[in-house]
$ cat query38.txt   # compact mmCIF, C-alpha atoms
# COMPACT_ATOMS: atom_id res chain seq x y z
CA MET A 1 1.44 20.35 2.28
CA GLN A 2 -1.25 20.67 -0.33
CA HIS A 3 -3.72 23.35 -1.19
CA THR A 4 -6.77 21.39 -2.15
CA HIS A 5 -9.92 23.35 -1.55
CA ASP A 6 -11.40 22.41 -4.86
CA THR A 7 -14.99 21.41 -5.27
CA THR A 8 -14.52 18.86 -8.02
CA PRO A 9 -16.12 15.51 -7.35
CA VAL A 10 -13.95 12.75 -5.98
CA GLN A 11 -12.40 10.78 -8.81
CA PRO A 12 -12.00 7.01 -8.80
CA SER A 13 -8.22 7.07 -8.46
CA GLU A 14 -7.88 10.14 -6.33
CA SER A 15 -4.29 9.54 -5.19
CA ASP A 16 -3.11 9.84 -8.80
CA ASP A 17 -5.01 13.01 -9.40
CA GLN A 18 -2.91 15.22 -7.19
CA ILE A 19 0.16 17.25 -7.80
CA THR A 20 2.33 18.35 -4.92
CA VAL A 21 2.66 22.04 -4.22
CA VAL A 22 5.00 23.15 -1.46
CA THR A 23 5.10 26.87 -0.80
CA ARG A 24 8.24 28.20 0.87
CA ASP A 25 9.03 31.71 2.04
CA ALA A 26 12.58 32.50 0.90
CA GLY A 27 12.69 35.85 2.70
CA ALA A 28 12.89 39.42 1.37
CA GLY A 29 9.53 39.14 -0.36
CA ARG A 30 10.49 36.02 -2.28
CA VAL A 31 8.28 32.93 -2.42
CA VAL A 32 9.17 29.56 -3.93
CA LEU A 33 6.51 27.09 -5.07
CA GLU A 34 7.90 23.60 -5.60
CA ILE A 35 5.58 21.74 -7.95
CA GLY A 36 5.72 17.98 -8.45
CA GLY A 37 3.78 15.40 -10.44
CA GLU A 38 1.80 15.39 -13.66
CA VAL A 39 0.20 18.72 -14.52
CA ASP A 40 -2.73 17.95 -16.81
CA MET A 41 -6.38 18.95 -17.21
CA LEU A 42 -7.22 17.33 -13.89
CA THR A 43 -4.42 18.78 -11.79
CA SER A 44 -3.69 22.14 -13.41
CA PRO A 45 -6.41 23.88 -11.31
CA GLN A 46 -4.31 23.04 -8.22
CA LEU A 47 -1.31 24.79 -9.75
CA ARG A 48 -3.49 27.76 -10.67
CA THR A 49 -4.97 28.06 -7.16
CA ALA A 50 -1.59 27.79 -5.44
CA ALA A 51 0.18 30.23 -7.75
CA LEU A 52 -2.58 32.84 -7.64
CA ALA A 53 -2.69 32.50 -3.84
CA ALA A 54 1.05 33.15 -3.70
CA LEU A 55 0.63 36.27 -5.86
CA ALA A 56 -2.16 37.54 -3.60
CA ASP A 57 0.26 37.79 -0.69
CA ASP A 58 1.95 40.70 -2.47
CA PRO A 59 5.46 39.23 -2.81
CA ARG A 60 8.29 40.77 -4.79
CA VAL A 61 9.38 37.56 -6.53
CA VAL A 62 7.55 34.27 -7.12
CA VAL A 63 9.59 31.29 -8.28
CA LEU A 64 7.89 28.23 -9.69
CA ALA A 65 10.31 25.32 -9.25
CA LEU A 66 9.27 22.81 -11.91
CA ASP A 67 11.98 20.17 -12.02
CA SER A 68 9.80 17.60 -10.24
CA VAL A 69 7.05 18.03 -12.81
CA SER A 70 6.91 14.78 -14.76
CA PHE A 71 4.33 15.89 -17.32
CA LEU A 72 3.17 19.31 -18.46
CA GLY A 73 0.12 19.30 -20.69
CA THR A 74 -1.58 22.10 -22.58
CA SER A 75 -3.84 22.95 -19.65
CA GLY A 76 -0.73 23.36 -17.50
CA LEU A 77 0.79 25.65 -20.11
CA ALA A 78 -2.42 27.69 -20.14
CA VAL A 79 -2.21 28.04 -16.35
CA LEU A 80 1.39 29.26 -16.63
CA ILE A 81 0.27 31.89 -19.15
CA GLU A 82 -2.55 32.99 -16.86
CA VAL A 83 -0.24 33.18 -13.83
CA ARG A 84 2.24 35.20 -15.87
CA GLU A 85 -0.46 37.72 -16.76
CA ALA A 86 -1.63 37.90 -13.14
CA ALA A 87 1.97 38.46 -11.99
CA GLN A 88 2.44 41.26 -14.50
CA GLN A 89 -0.73 42.95 -13.34
CA ALA A 90 0.30 42.61 -9.71
CA GLY A 91 3.81 43.88 -10.42
CA VAL A 92 5.36 40.62 -9.23
CA ASP A 93 8.51 39.21 -10.77
CA LEU A 94 7.62 35.64 -11.88
CA ARG A 95 10.46 33.21 -12.56
CA LEU A 96 10.56 29.56 -13.52
CA ALA A 97 13.33 27.28 -12.27
CA CYS A 98 13.83 24.16 -14.36
CA THR A 99 16.28 22.35 -16.60
CA GLY A 100 14.27 19.23 -17.38
CA ARG A 101 13.08 18.32 -20.83
CA ARG A 102 9.68 17.34 -19.42
CA VAL A 103 8.96 21.00 -18.80
CA LEU A 104 11.22 22.78 -21.27
CA ARG A 105 10.06 20.77 -24.30
CA PRO A 106 6.35 21.65 -23.85
CA LEU A 107 7.23 25.30 -23.17
CA SER A 108 9.40 25.39 -26.26
CA ILE A 109 6.96 23.62 -28.58
CA ALA A 110 4.24 26.09 -27.57
CA GLY A 111 6.61 28.98 -28.21
CA LEU A 112 6.46 30.12 -24.59
CA ILE A 113 10.14 30.17 -23.62
CA PRO A 114 10.60 33.85 -24.58
CA MET A 115 7.58 34.80 -22.45
CA PHE A 116 9.13 33.52 -19.23
CA ASP A 117 12.18 34.23 -17.15
CA VAL A 118 13.55 30.67 -17.01
CA ARG A 119 16.50 29.94 -14.71
CA ASP A 120 18.43 26.71 -14.21
CA THR A 121 18.09 26.54 -10.45
CA VAL A 122 15.94 27.95 -7.66
CA GLU A 123 19.09 29.63 -6.33
CA ASP A 124 19.55 31.46 -9.66
CA ALA A 125 15.90 32.38 -9.70
CA LEU A 126 16.13 33.89 -6.21
CA ALA A 127 19.24 35.93 -7.00
CA MET B 1 19.82 -0.50 -33.01
CA SER B 2 16.54 -1.53 -34.54
CA ALA B 3 13.11 -1.28 -33.02
CA VAL B 4 11.48 -4.35 -31.58
CA GLU B 5 8.94 -5.04 -34.28
CA PRO B 6 6.75 -8.09 -33.72
CA THR B 7 5.88 -8.29 -37.39
CA GLY B 8 9.36 -7.43 -38.59
CA THR B 9 7.84 -6.04 -41.77
CA PRO B 10 7.65 -2.25 -41.82
CA GLY B 11 4.93 -1.21 -44.21
CA GLY B 12 3.17 -4.51 -43.76
CA GLY B 13 0.28 -2.95 -41.91
CA GLY B 14 2.15 -2.24 -38.69
CA SER B 15 1.30 -3.32 -35.19
CA VAL B 16 -1.88 -2.07 -33.60
CA VAL B 17 -2.64 -1.33 -29.95
CA GLU B 18 -6.14 -0.36 -28.92
CA VAL B 19 -7.04 1.15 -25.57
CA ARG B 20 -10.62 1.70 -24.52
CA THR B 21 -11.48 3.56 -21.33
CA SER B 22 -14.39 5.46 -19.86
CA ALA B 23 -14.29 8.94 -21.31
CA THR B 24 -12.99 10.54 -18.13
CA ALA B 25 -10.01 12.78 -17.50
CA ALA B 26 -8.90 10.47 -14.67
CA LEU B 27 -7.90 7.78 -17.18
CA ILE B 28 -5.98 9.97 -19.62
CA PRO B 29 -2.71 9.39 -17.70
CA THR B 30 -3.05 5.70 -18.57
CA ILE B 31 -3.50 6.44 -22.26
CA ARG B 32 -0.56 8.82 -22.46
CA ALA B 33 1.59 6.22 -20.68
CA VAL B 34 0.75 3.77 -23.46
CA ALA B 35 1.68 6.42 -26.04
CA SER B 36 5.07 7.02 -24.39
CA ASP B 37 5.78 3.34 -24.15
CA LEU B 38 4.99 2.66 -27.81
CA ALA B 39 7.07 5.64 -28.93
CA ALA B 40 10.04 4.49 -26.85
CA ARG B 41 9.78 0.98 -28.32
CA ALA B 42 9.61 2.44 -31.83
CA ASP B 43 12.94 4.20 -31.18
CA PHE B 44 11.48 7.69 -31.05
CA ASP B 45 13.98 10.16 -29.65
CA LEU B 46 13.24 11.78 -26.29
CA ASP B 47 11.72 14.96 -27.72
CA ALA B 48 9.49 12.99 -30.07
CA ILE B 49 8.34 10.75 -27.20
CA SER B 50 7.53 13.83 -25.16
CA ASP B 51 5.67 15.39 -28.10
CA LEU B 52 3.59 12.29 -28.80
CA ARG B 53 2.69 11.94 -25.12
CA MET B 54 1.59 15.55 -25.00
CA ALA B 55 -0.30 15.32 -28.29
CA VAL B 56 -2.21 12.24 -27.16
CA ASP B 57 -2.99 13.95 -23.85
CA GLU B 58 -4.36 16.99 -25.66
CA ALA B 59 -6.40 14.96 -28.14
CA CYS B 60 -7.94 12.88 -25.34
CA ALA B 61 -8.59 15.92 -23.12
CA THR B 62 -10.35 17.64 -26.01
CA LEU B 63 -12.52 14.61 -26.70
CA VAL B 64 -13.39 13.88 -23.06
CA ASP B 65 -14.81 17.42 -22.90
CA VAL B 66 -17.35 16.70 -25.65
CA ALA B 67 -18.10 13.02 -24.93
CA SER B 68 -21.66 12.07 -24.12
CA PRO B 69 -22.15 11.01 -20.49
CA GLY B 70 -21.08 7.45 -19.79
CA SER B 71 -19.45 6.96 -23.17
CA ALA B 72 -16.10 5.37 -23.94
CA LEU B 73 -12.87 6.86 -25.20
CA GLN B 74 -11.37 4.61 -27.86
CA CYS B 75 -7.70 5.10 -28.73
CA SER B 76 -6.02 3.16 -31.47
CA PHE B 77 -2.25 3.31 -32.00
CA THR B 78 -0.70 1.95 -35.18
CA VAL B 79 3.08 1.72 -35.43
CA HIS B 80 4.30 1.87 -39.04
CA GLY B 81 8.08 1.70 -38.83
CA ASN B 82 9.11 5.16 -37.63
CA VAL B 83 5.63 6.68 -37.69
CA ILE B 84 2.94 6.27 -35.06
CA GLU B 85 -0.63 6.98 -36.08
CA VAL B 86 -3.17 7.60 -33.34
CA GLU B 87 -6.91 7.75 -33.68
CA ALA B 88 -8.89 8.78 -30.62
CA ARG B 89 -12.68 8.82 -30.69
CA VAL B 90 -15.64 9.38 -28.37
CA ASP B 91 -19.39 9.17 -28.81
CA THR B 92 -21.19 12.48 -28.72
CA ALA B 93 -24.74 13.43 -27.84
CA GLY B 94 -25.45 15.34 -31.05
CA PRO B 95 -24.20 17.76 -33.68
CA GLU B 96 -23.85 20.52 -31.08
CA SER B 97 -21.02 18.54 -29.39
CA THR B 98 -18.24 19.87 -31.56
CA VAL B 99 -14.55 20.35 -31.05
CA SER B 100 -13.35 23.89 -31.55
CA THR B 101 -10.12 24.14 -33.50
CA ASP B 102 -9.79 27.81 -32.62
CA THR B 103 -8.11 27.15 -29.27
CA PHE B 104 -4.66 27.31 -27.74
CA GLY B 105 -4.78 23.53 -27.22
CA TRP B 106 -5.52 22.80 -30.88
CA ARG B 107 -2.72 25.09 -32.07
CA VAL B 108 -0.27 23.32 -29.77
CA LEU B 109 -1.56 19.96 -30.98
CA GLN B 110 -0.86 20.99 -34.58
CA THR B 111 2.69 21.88 -33.60
CA LEU B 112 3.22 18.65 -31.67
CA ALA B 113 2.02 16.26 -34.34
CA ASP B 114 3.12 16.02 -37.95
CA GLU B 115 -0.49 15.77 -39.09
CA VAL B 116 -3.75 16.32 -37.22
CA GLU B 117 -7.25 15.88 -38.49
CA LEU B 118 -10.64 16.26 -36.87
CA ARG B 119 -13.20 13.68 -37.96
CA THR B 120 -16.86 14.03 -37.19
CA ASP B 121 -19.56 11.54 -37.85
CA GLY B 122 -22.87 13.34 -38.18
CA GLY B 123 -23.04 14.17 -34.47
CA ARG B 124 -22.70 10.54 -33.39
CA SER B 125 -18.99 10.64 -32.66
CA VAL B 126 -15.94 12.85 -32.90
CA GLY B 127 -12.43 11.63 -33.57
CA ILE B 128 -8.96 13.09 -33.75
CA LEU B 129 -6.43 11.45 -36.03
CA LEU B 130 -2.78 12.30 -35.61
CA ASN B 131 0.56 11.17 -36.99
CA LYS B 132 3.96 11.50 -35.41
CA ARG B 133 7.33 10.65 -36.91
CA ALA B 134 10.26 9.37 -34.84
CA ASP B 135 12.39 12.42 -35.54
CA PRO B 136 11.12 15.61 -33.98
CA THR B 137 10.30 18.77 -35.83
CA PRO B 138 13.37 20.92 -35.31
CA ARG B 139 12.90 23.69 -32.76
$ encode --input "query38.txt" --output "structure tokens"
Amino acid sequence: MQHTHDTTPVQPSESDDQITVVTRDAGAGRVVLEIGGEVDMLTSPQLRTAALAALADDPRVVVLALDSVSFLGTSGLAVLIEVREAAQQAGVDLRLACTGRRVLRPLSIAGLIPMFDVRDTVEDALA
Amino acid sequence: MSAVEPTGTPGGGGSVVEVRTSATAALIPTIRAVASDLAARADFDLDAISDLRMAVDEACATLVDVASPGSALQCSFTVHGNVIEVEARVDTAGPESTVSTDTFGWRVLQTLADEVELRTDGGRSVGILLNKRADPTPR
């Protein structure tokens, strides 16, 4: 299941230019977004659209499950910062679930770890 | 364990890999894959590999944004022992096509690489030169 309503022109290798975003209702106002693939300048708008859409449904908790993310570039980090601000404004509790270096290293190098509620597992993040 | 060094002579100029693509975001994954591969072969540790891959991605993304239409993105990787030097360059349409260093991306790039330098060429091209050592900056 992918949310791809973007208007960007079709790219030559379009199958590589997608990330996977699976949105799951975990009950009690909690939503989990499982993100997979390489989040870079081409794909980060998909993450932005999906996360902001999840926030618009007025949930209590939004969990971004990032362990299937194989690359997180600066544009992906910028989207996470934007989503964090949107969550704060909407009064939604935003949590990240990940243990992988591929996500934690970029977050750490950009000094963003203290800005986010990072949990080891989706289960922890939903607790 | 020593790195697989075709020349076997660190400091003797190093081995060079050049990658030239259309200056489009769709091909940046290919370039960062080359960066990861070279770093792994040069015995970079996992954090340093991740940092170089991200730095190359950011440098290329920045340049693709200012490249003149239809131009090429030229990336040159030089492995000097435990240091990888990368120079990425695109042609630009004129002096107004400049890279802003007052951005989140540029600040992250400075943290990722050991040295970063912006090189302009009178509006004809813009390049980003960066160096990364095998051992990561402690975090």
$ closest_atom_pairs --input "query38.txt" --of "chain B" --to "chain A" --cutoff "9 Å" --atoms "all atoms listed in the file" --output "CSV"
residue,atom,partner,partner_atom,distance
B:Ala25,CA,A:Leu42,CA,6.4
B:Ala26,CA,A:Gln11,CA,6.8
B:Leu27,CA,A:Ser13,CA,8.8
B:Pro29,CA,A:Glu38,CA,8.5
B:Leu46,CA,A:Arg101,CA,8.5
B:Asp47,CA,A:Arg105,CA,6.9
B:Ser50,CA,A:Arg102,CA,7.1
B:Asp51,CA,A:Pro106,CA,7.6
B:Arg53,CA,A:Phe71,CA,8.9
B:Met54,CA,A:Gly73,CA,5.9
B:Ala55,CA,A:Gly73,CA,8.6
B:Asp57,CA,A:Gly73,CA,6.9
B:Glu58,CA,A:Thr74,CA,6.6
B:Ala61,CA,A:Met41,CA,7.0
B:Phe104,CA,A:Ala78,CA,7.9
B:Gly105,CA,A:Thr74,CA,5.8
B:Arg107,CA,A:Ala110,CA,8.3
B:Val108,CA,A:Ala110,CA,5.7
B:Leu109,CA,A:Thr74,CA,8.7
B:Thr111,CA,A:Ile109,CA,6.8
B:Leu112,CA,A:Ile109,CA,6.9
B:Arg139,CA,A:Ile109,CA,7.3
$ axis_aligned_box --input "query38.txt" --around "region 98-107 of chain B" --padding-each-side "3 Å" --output "AutoDock Vina command-line options"
--center_x -10.5 --center_y 23.8 --center_z -30.4 --size_x 21.5 --size_y 13.9 --size_z 12.3
$ residues_around --input "query38.txt" --residues "Val17 (chain B)" --least-positions-apart "6" --cutoff "9 Å" --atoms "only C-alpha atoms" --output "list in words"
Val34, Leu38, Cys75, Ser76, Phe77, Thr78 and Val79 of chain B
$ residues_near_point --input "query38.txt" --point "(11.5, 33.0, 2.7)" --cutoff "12 Å" --atoms "only C-alpha atoms" --output "ChimeraX atom specification"
/A:23-33,59-63,126
$ atom_distance --input "query38.txt" --atom1 "CA of Ile35 (chain A)" --atom2 "CA of Gly100 (chain A)"
13.1 Å
$ atom_distance --input "query38.txt" --atom1 "CA of Val16 (chain B)" --atom2 "CA of Arg32 (chain B)"
15.6 Å
$ residues_near_point --input "query38.txt" --point "(-0.1, 16.9, -4.8)" --cutoff "8 Å" --atoms "all atoms listed in the file" --output "JSON, numbers by chain"
{"A": [2, 17, 18, 19, 20, 21, 36, 37]}
$ closest_residue --input "query38.txt" --among "A:Ala127, A:Ile81, A:Cys98, A:Ala86" --to "Leu112 (chain A)" --atoms "all atoms listed in the file"
A:Ile81
$ atom_distance --input "query38.txt" --atom1 "CA of Val116 (chain B)" --atom2 "CA of Leu129 (chain B)"
5.7 Å
